[in-house]
Each structure stands twice: as C-alpha cells, then as structure tokens.
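One structure below.
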Amino acid sequence: MKDIYNYNLADHIKKIIRVNGPISVAHYMSETTLNPNFGYYISEHPIGSTGDFITAPEISQMFGEIIGLWFGNIWLEMKKPKDFNFIELGPGKGTLMSDALRALNIIPNIIPSANIHLVEISEVLKNNQKTILSNYNVKWHNHISQIPNKLSYFIANEFFDSLPIHQFELTSLGWAERYISINQEEEFCFVKGNISNLDALTKLKLPVGSIVEISPSTISLIEEIGKILKTYNGVCLLIDYGDSASSNVSTLQGIRNHKKYNILKEQGKIDISAHVDFKSISKIAKKNGLSVYGPTQQGKFLTNLGIIERSRSLIKNSPKKEEIINNQLNRLIDETQMGKLFKVMALYSGSLFDIPGFN
Ligand code: SAH
C-alpha cells in the first residue's frame with residue numbers, strides 16, 4: 001500500500017486539513033505514528049543503533065535484568081501468586097522482556113506462573129519480539145482491553161511518551177488549542193484555534209505564552225490500568241521522559257537517526273514524542289485508590305536496586321569489557337545522560353509492603 005499512486009503521508013494529512021480544517025496536535029501525532037499504511041510505528045524500524053533512537057534496554061542487559069528482579073521481589077512479597085499477567089506496553093524489540101525473564105529464572109516457579117502479554121501495534125516490532133522471546137509462551141494484543149483480567153504486573157518503558165497529546169496555549173485573549181494547518185507555501189504550520197473554556201485550563205494561573213499538554217489516551221489508559229489493579233491487584237511500573245512539575249512549554253520532540261528533527265517535516269519517517277505528565281498520572285491513580293511511588297529519577301531508582309553491583313559482577317566475568325560496561329552504566333544512571341531526564345513511577349494496588357527502589 002505504501003507509495004500507492006505516489007500518495008504519501010504528508011499528502012494524506014494535507015487532504016484531511018483541506019476537507020476538515022486544521023487538526024489538533026493529537027490528531028497529527030496519531031496520523032504520523034499510527035496511520036495503518038504510512039505511520040512511523042507501522043512502517044519503520046525505529047529502535048537501536050541502526051534505527052532512530054536507542055532506549056535503555058538496548059543500551060545494556062542490566063536495565064531489563066534489574067527491572068525483572070524488581071517484579072520478582074514484588075511477586076515474592078505477594079506470597080508467590082500462581083497465576084498472574086506479566087504485561088508489557090510497547091515492548092519495542094522485546095529486549096527488556098527477554099532480559100527480565102532471563103533474570104527471573106533464578107526465582108523458582110515464577111516463570112511458569114506468569115502469563116506473558118505484549119501490547120504492540122507494530123507488525124515490524126512484533127516480529128522482532130517473536131524472535132527474541134521464542135522460548136516463552138507469549139500472547140500479543142493491540143490494546144490492554146483484550147487481555148484476560150487477573151492479578152497483573154505492568155511494565156511500560158518509553159511507551160507513554162509516544163501517545164498523542166493536545167496542546168493549549170495561553171494567549172492574551174485566553175486559552176487556545178494549538179492546531180496544525182498548511183500555509184500559502186503548502187507547508188505545515190502551527191495555528192491557534194478558538195478560545196477554550198476547558199475548566200482544567202481556566203483555573204490555572206500562568207503567564208501568557210504558557211503551553212499546557214493534555215493526553216486523553218494516557219488518561220484513559222491509566223484509568224483502565226487503575227481499574228484492573230484495584231479489582232485484581234498488582235503493580236504498574238512506568239519509565240519515561242518527563243518532569244514531575246510541568247514546565248509549561250512545548251515538549252514535543254522529533255527524532256530521526258539519533259538527531260532532533262522538525263516534527264512538521266518528513267511525516268511518518270521520524271519519531272514524535274512528548275514528555276509524560278507524571279503529575280496527572282499520579283492524580284488519576286490516587287483517585288482510583290492506588291498507592292503511588294515516585295516519580296523518581298531513573299539513575300536513583302537503578303542505583304537503589306543495585307545496578308552498580310550488577311555492573312561490577314558483569315565486569316568480573318568479562319574483564320575485557322570493563323570500559324564498555326562502565327560506559328553503559330553511565331548512560332543509564334548519570335545525571336547528564338538518562339539518569340535524571342527519565343523518571344520512574346510505580347502504581348500499586350495495596351499497602352502491605354514497601355515497593356522497592358523509591359526510598
Ligand atoms: N519499550 C521499548 C520501545 C519503546 S518505543 C523500549 O524501551 O525499547 C514505543 C513502543 O510502543 C514501540 O514498540 C511502538 O510500536 C509501541 N506503540 C506506540 N504506540 C502504540 C499504541 N498506541 N499501541 C500499542 N503500541 C504502541
């Protein structure tokens with residue numbers, strides 16, 4: 001279907017704008033990332049050194065191992081439940097899940113008790129996941145609503161940042177949604193829509209020029225996860241780009257070939273993401289009766305869980321790799337690299353024990 005009649009994603013989006021008028025940032029993001037014929041996640045190989053961006057599990061096996069054992073610890077605290085869902089949202093190449101399961105092998109009976117479910121929209125990435133996880137019984141879904149309900153452990157690394165957001169800007173006349181339109185040169189551009197009276201916005205006391213981002217897809221997914229956790233018990237670990245306090249600027253970002261890229265160009269060929277609003281996630285989770293841990297910095301979380309000790313033992317086993325392993329460790333935990341920008345949050349259905357990693 002790609003390139004049929006020389007038609008491409010930019011033409012497709014322009015057609016929508018000509019017929020219906022300017023589109024929201026959320027609509028633009030869904031078309032560019034998820035359009036069934038040309039969407040970025042549908043048709044590209046985004047992740048890894050040969051892709052457009054590298055994620056924490058692709059940097060080092062230590063990341064997935066530490067996360068796996070974090071869940072193992074909780075499973076032991078929960079008195080080894082015999083039948084639970086282990087669900088990953090947006091598993092990319094499947095590396096995190098594969099490293100996590102390998103590490104969990106040291107805990108007797110946990111793997112046979114786990115029903116592994118992956119929520120993935122991309123066929124290209126699903127094939128990667130099938131190969132790397134071929135030794136396990138795994139089920140795939142397009143949405144969490146397709147997963148049978150039971151005690152559930154969720155993991156999502158760099159997933160929520162890819163979900164569409166709406167942007168609102170405070171003008172001298174009031175809050176206006178930012179839309180995407182086409183200018184006289186036939187190029188995409190941002191325009192402002194009508195003044196919005198959304199309650200959540202008009203209550204805010206911010207200077208003119210401030211931008212507020214709202215992700216209805218994130219809100220509804222967290223509501224659904226919250227209901228599952230509250231009804232069937234479990235825990236959800238979220239790791240993503242984000243500031244705990246909203247910065248009130250646009251956090252939209254395009255990445256292609258490891259470099260920042262204009263999000264209004266090369267539609268479907270670049271990754272578009274936005275910072276995750278952990279404050280709203282925390283509010284929704286608490287409203288659903290869950291205990292919320294974090295957000296804490298990724299560097300602190302991994303250090304609390306013993307990543308430095310793990311790196312030392314890997315170096316002991318392969319002394320020649322000392323420099324490589326130390327570099328990988330730094331990328332994951334150093335404040336100037338991923339350590340501070342990435343945040344970790346856990347949502348937990350109970351209060352019987354303290355969730356590890358957040359003290
Ligand atoms: N967690 C992985 C990949 C992050 S990239 C890692 O850390 O390496 C985002 C992932 O989410 C990709 O696998 C992408 O295909 C998937 N994805 C994006 N939007 C999705 C959606 N709406 N539904 C399901 N999967 C989605």
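Simple scheme: letters A, B, ... for chains in structure tokens order, numbers from 1 for residues in each chain, numbers from 1 for ligands in the order shown.
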**OP:** Give the residues close to ligand 1, within 7 Å, counting only C-alpha atoms and all ligand atoms; write them as a list in words.
**Re:** Tyr41, Ile47, Thr55, Ala56, Pro57, Glu58, Leu89, Gly90, Pro91, Gly92, Lys93, Thr95, Leu96, Val119, Glu120, Ile121, Ser122, Leu125, Asn142, His143, Ala156, Asn157, Glu158, Phe159, Ser162 and Leu163 of chain A
Write out the residues from the selection above, keeping N, CA and C atoms, as a PDB file, in the first residue's frame.
```pdb
ATOM      1  N   TYR A  41       5.340   4.038  13.467  1.00  0.00           N
ATOM      2  CA  TYR A  41       5.486   2.775  14.196  1.00  0.00           C
ATOM      3  C   TYR A  41       5.041   1.586  13.358  1.00  0.00           C
ATOM      4  N   ILE A  47      14.026   1.448  16.469  1.00  0.00           N
ATOM      5  CA  ILE A  47      14.874   1.384  17.675  1.00  0.00           C
ATOM      6  C   ILE A  47      16.206   0.695  17.429  1.00  0.00           C
ATOM      7  N   THR A  55      16.939   3.028  23.265  1.00  0.00           N
ATOM      8  CA  THR A  55      16.253   3.071  24.559  1.00  0.00           C
ATOM      9  C   THR A  55      17.102   2.343  25.601  1.00  0.00           C
ATOM     10  N   ALA A  56      16.747   2.522  26.873  1.00  0.00           N
ATOM     11  CA  ALA A  56      17.550   1.953  27.960  1.00  0.00           C
ATOM     12  C   ALA A  56      17.804   0.441  27.816  1.00  0.00           C
ATOM     13  N   PRO A  57      16.762  -0.373  27.497  1.00  0.00           N
ATOM     14  CA  PRO A  57      17.053  -1.813  27.385  1.00  0.00           C
ATOM     15  C   PRO A  57      18.036  -2.129  26.268  1.00  0.00           C
ATOM     16  N   GLU A  58      18.091  -1.269  25.240  1.00  0.00           N
ATOM     17  CA  GLU A  58      19.020  -1.511  24.128  1.00  0.00           C
ATOM     18  C   GLU A  58      20.440  -1.089  24.490  1.00  0.00           C
ATOM     19  N   LEU A  89       3.727  -2.906  27.829  1.00  0.00           N
ATOM     20  CA  LEU A  89       3.116  -1.999  26.855  1.00  0.00           C
ATOM     21  C   LEU A  89       4.222  -1.453  25.950  1.00  0.00           C
ATOM     22  N   GLY A  90       4.064  -1.594  24.650  1.00  0.00           N
ATOM     23  CA  GLY A  90       5.055  -1.083  23.692  1.00  0.00           C
ATOM     24  C   GLY A  90       6.439  -1.667  23.910  1.00  0.00           C
ATOM     25  N   PRO A  91       6.611  -2.993  23.699  1.00  0.00           N
ATOM     26  CA  PRO A  91       7.883  -3.644  24.048  1.00  0.00           C
ATOM     27  C   PRO A  91       9.024  -3.414  23.061  1.00  0.00           C
ATOM     28  N   GLY A  92       8.834  -2.639  21.998  1.00  0.00           N
ATOM     29  CA  GLY A  92       9.941  -2.360  21.071  1.00  0.00           C
ATOM     30  C   GLY A  92      10.506  -3.641  20.484  1.00  0.00           C
ATOM     31  N   LYS A  93      11.798  -3.870  20.678  1.00  0.00           N
ATOM     32  CA  LYS A  93      12.433  -5.059  20.108  1.00  0.00           C
ATOM     33  C   LYS A  93      12.283  -6.283  21.018  1.00  0.00           C
ATOM     34  N   THR A  95      13.594  -6.590  23.985  1.00  0.00           N
ATOM     35  CA  THR A  95      14.831  -6.808  24.751  1.00  0.00           C
ATOM     36  C   THR A  95      14.600  -6.746  26.256  1.00  0.00           C
ATOM     37  N   LEU A  96      13.807  -5.757  26.702  1.00  0.00           N
ATOM     38  CA  LEU A  96      13.554  -5.622  28.146  1.00  0.00           C
ATOM     39  C   LEU A  96      12.921  -6.902  28.687  1.00  0.00           C
ATOM     40  N   VAL A 119       1.555  -5.723  24.493  1.00  0.00           N
ATOM     41  CA  VAL A 119       0.647  -4.826  23.776  1.00  0.00           C
ATOM     42  C   VAL A 119       1.488  -4.076  22.755  1.00  0.00           C
ATOM     43  N   GLU A 120       1.280  -4.394  21.484  1.00  0.00           N
ATOM     44  CA  GLU A 120       2.149  -3.836  20.438  1.00  0.00           C
ATOM     45  C   GLU A 120       1.336  -3.592  19.177  1.00  0.00           C
ATOM     46  N   ILE A 121       1.520  -2.419  18.580  1.00  0.00           N
ATOM     47  CA  ILE A 121       0.754  -2.054  17.397  1.00  0.00           C
ATOM     48  C   ILE A 121       1.540  -2.357  16.116  1.00  0.00           C
ATOM     49  N   SER A 122       2.873  -2.415  16.231  1.00  0.00           N
ATOM     50  CA  SER A 122       3.714  -2.516  15.031  1.00  0.00           C
ATOM     51  C   SER A 122       4.017  -3.967  14.664  1.00  0.00           C
ATOM     52  N   LEU A 125       7.855  -4.602  14.694  1.00  0.00           N
ATOM     53  CA  LEU A 125       8.426  -4.854  16.021  1.00  0.00           C
ATOM     54  C   LEU A 125       7.915  -6.167  16.612  1.00  0.00           C
ATOM     55  N   ASN A 142      -3.471  -5.668  20.592  1.00  0.00           N
ATOM     56  CA  ASN A 142      -3.370  -4.266  20.166  1.00  0.00           C
ATOM     57  C   ASN A 142      -3.722  -3.312  21.291  1.00  0.00           C
ATOM     58  N   HIS A 143      -4.418  -3.823  22.306  1.00  0.00           N
ATOM     59  CA  HIS A 143      -4.883  -2.955  23.395  1.00  0.00           C
ATOM     60  C   HIS A 143      -5.031  -3.776  24.673  1.00  0.00           C
ATOM     61  N   ALA A 156       5.997  -0.448  31.409  1.00  0.00           N
ATOM     62  CA  ALA A 156       5.977   0.384  30.198  1.00  0.00           C
ATOM     63  C   ALA A 156       7.208   1.276  30.216  1.00  0.00           C
ATOM     64  N   ASN A 157       8.135   1.024  29.302  1.00  0.00           N
ATOM     65  CA  ASN A 157       9.329   1.864  29.189  1.00  0.00           C
ATOM     66  C   ASN A 157       9.256   2.643  27.886  1.00  0.00           C
ATOM     67  N   GLU A 158       9.338   3.955  27.968  1.00  0.00           N
ATOM     68  CA  GLU A 158       9.239   4.821  26.777  1.00  0.00           C
ATOM     69  C   GLU A 158       8.032   4.457  25.911  1.00  0.00           C
ATOM     70  N   PHE A 159       6.913   4.207  26.550  1.00  0.00           N
ATOM     71  CA  PHE A 159       5.674   3.933  25.812  1.00  0.00           C
ATOM     72  C   PHE A 159       4.753   5.154  25.869  1.00  0.00           C
ATOM     73  N   SER A 162       4.974   8.202  23.595  1.00  0.00           N
ATOM     74  CA  SER A 162       4.590   8.153  22.180  1.00  0.00           C
ATOM     75  C   SER A 162       3.081   8.345  21.988  1.00  0.00           C
ATOM     76  N   LEU A 163       2.340   8.446  23.085  1.00  0.00           N
ATOM     77  CA  LEU A 163       0.881   8.615  22.941  1.00  0.00           C
ATOM     78  C   LEU A 163       0.546  10.084  22.611  1.00  0.00           C
TER      79      LEU A 163
END
```
**OP:** From the DSSP assignment of the backbone, select every residue of stretch 86-307 of chain A that is strand (DSSP E), and format the answer as number ranges by chain.
**Re:** A: 86-89, 114-119, 138-141, 152-157, 166-171, 174-182, 188-195, 211-214, 234-241, 253-256, 259-261, 271-273, 291-297
Original post:
Counting only C-alpha atoms, what is within 10 Å of stretch 338-351 of chain A, bar same-chain residues fewer than 5 positions away, as a PyMOL selection string?
Top reply: chain A and resi 55-56+153-155+157-158+222+225-244+275-276+278+281-282+285-286+288-303+329-333+356-358
DSSP alpha helix (DSSP H) residues within stretch 169-204 of chain A, as a CSV table (one decimal) with all heavy atoms, in the first residue's frame:
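Produced file states24.csv, reproduced below:
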```csv
chain,number,residue,atom,x,y,z
A,199,ASP,N,-12.4,23.7,31.8
A,199,ASP,CA,-12.3,24.0,33.2
A,199,ASP,C,-10.9,23.9,33.8
A,199,ASP,O,-10.3,24.7,34.5
A,199,ASP,CB,-13.2,23.1,34.0
A,199,ASP,CG,-14.0,23.8,35.1
A,199,ASP,OD1,-14.2,25.0,34.9
A,199,ASP,OD2,-14.4,23.2,36.0
A,200,ALA,N,-10.2,22.8,33.3
A,200,ALA,CA,-8.9,22.4,33.8
A,200,ALA,C,-7.9,23.5,33.4
A,200,ALA,O,-6.9,23.7,34.1
A,200,ALA,CB,-8.5,21.1,33.2
A,201,LEU,N,-8.2,24.3,32.4
A,201,LEU,CA,-7.3,25.3,31.9
A,201,LEU,C,-7.6,26.7,32.6
A,201,LEU,O,-6.7,27.4,33.0
A,201,LEU,CB,-7.4,25.5,30.4
A,201,LEU,CG,-6.9,24.3,29.5
A,201,LEU,CD1,-7.3,24.5,28.1
A,201,LEU,CD2,-5.4,24.1,29.7
A,202,THR,N,-8.9,27.0,32.6
A,202,THR,CA,-9.2,28.4,33.0
A,202,THR,C,-8.8,28.6,34.5
A,202,THR,O,-8.6,29.7,35.0
A,202,THR,CB,-10.7,28.7,32.8
A,202,THR,OG1,-11.4,27.6,33.2
A,202,THR,CG2,-11.0,28.9,31.3
```
Subject >> A:Asp99 environment, 7 Å, only C-alpha atoms, sequence neighbours closer than 2 positions dropped, as a ChimeraX atom specification >> reply: /A:61,64-65,95-97,101-103
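Taking atom CA of A:Ser172 as the reference point, atom CA of A:Leu204 is found at 14.2 Å.
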Original post:
Using only C-alpha atoms, which of the listed residues (A:Asn359, A:Ser313, A:Asn85, A:Gln167) sits closest to A:Val138?
Top reply: A:Asn85
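Separating atom CA of A:Asp52 from atom CA of A:Tyr28 is a distance of 19.7 Å.
Residue nearest A:Asp11, chosen from A:Ser43, A:Glu266, A:Lys150, A:Lys79 and counting only C-alpha atoms: A:Glu266.
Coordinates place atom CA of A:Ile42 at a distance of 11.3 Å from atom CA of A:Ser30.
In this comparison, which uses only C-alpha atoms, the residue of A:Ile272, A:Met29, A:Val208, A:Ile147 approaching A:Leu118 most closely is A:Ile147.
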Original post:
Within 12 Å of stretch 107-113 of chain A, counting only C-alpha atoms, which residues qualify if same-chain residues fewer than 5 places away don't, as a list in words?
Top reply: Gly68, Leu69, Trp70, Phe71, Gly72, Asn73, Ile74, Trp75, Leu76, Met78, Lys79, Lys80, Pro81, Lys82, Asp83, Phe84, Asn85, Phe86, Met97, Ser98, Ala100, Leu101, Arg102, Asn135, Tyr136, Asn137, Val138, Leu151 and Ser152 of chain A
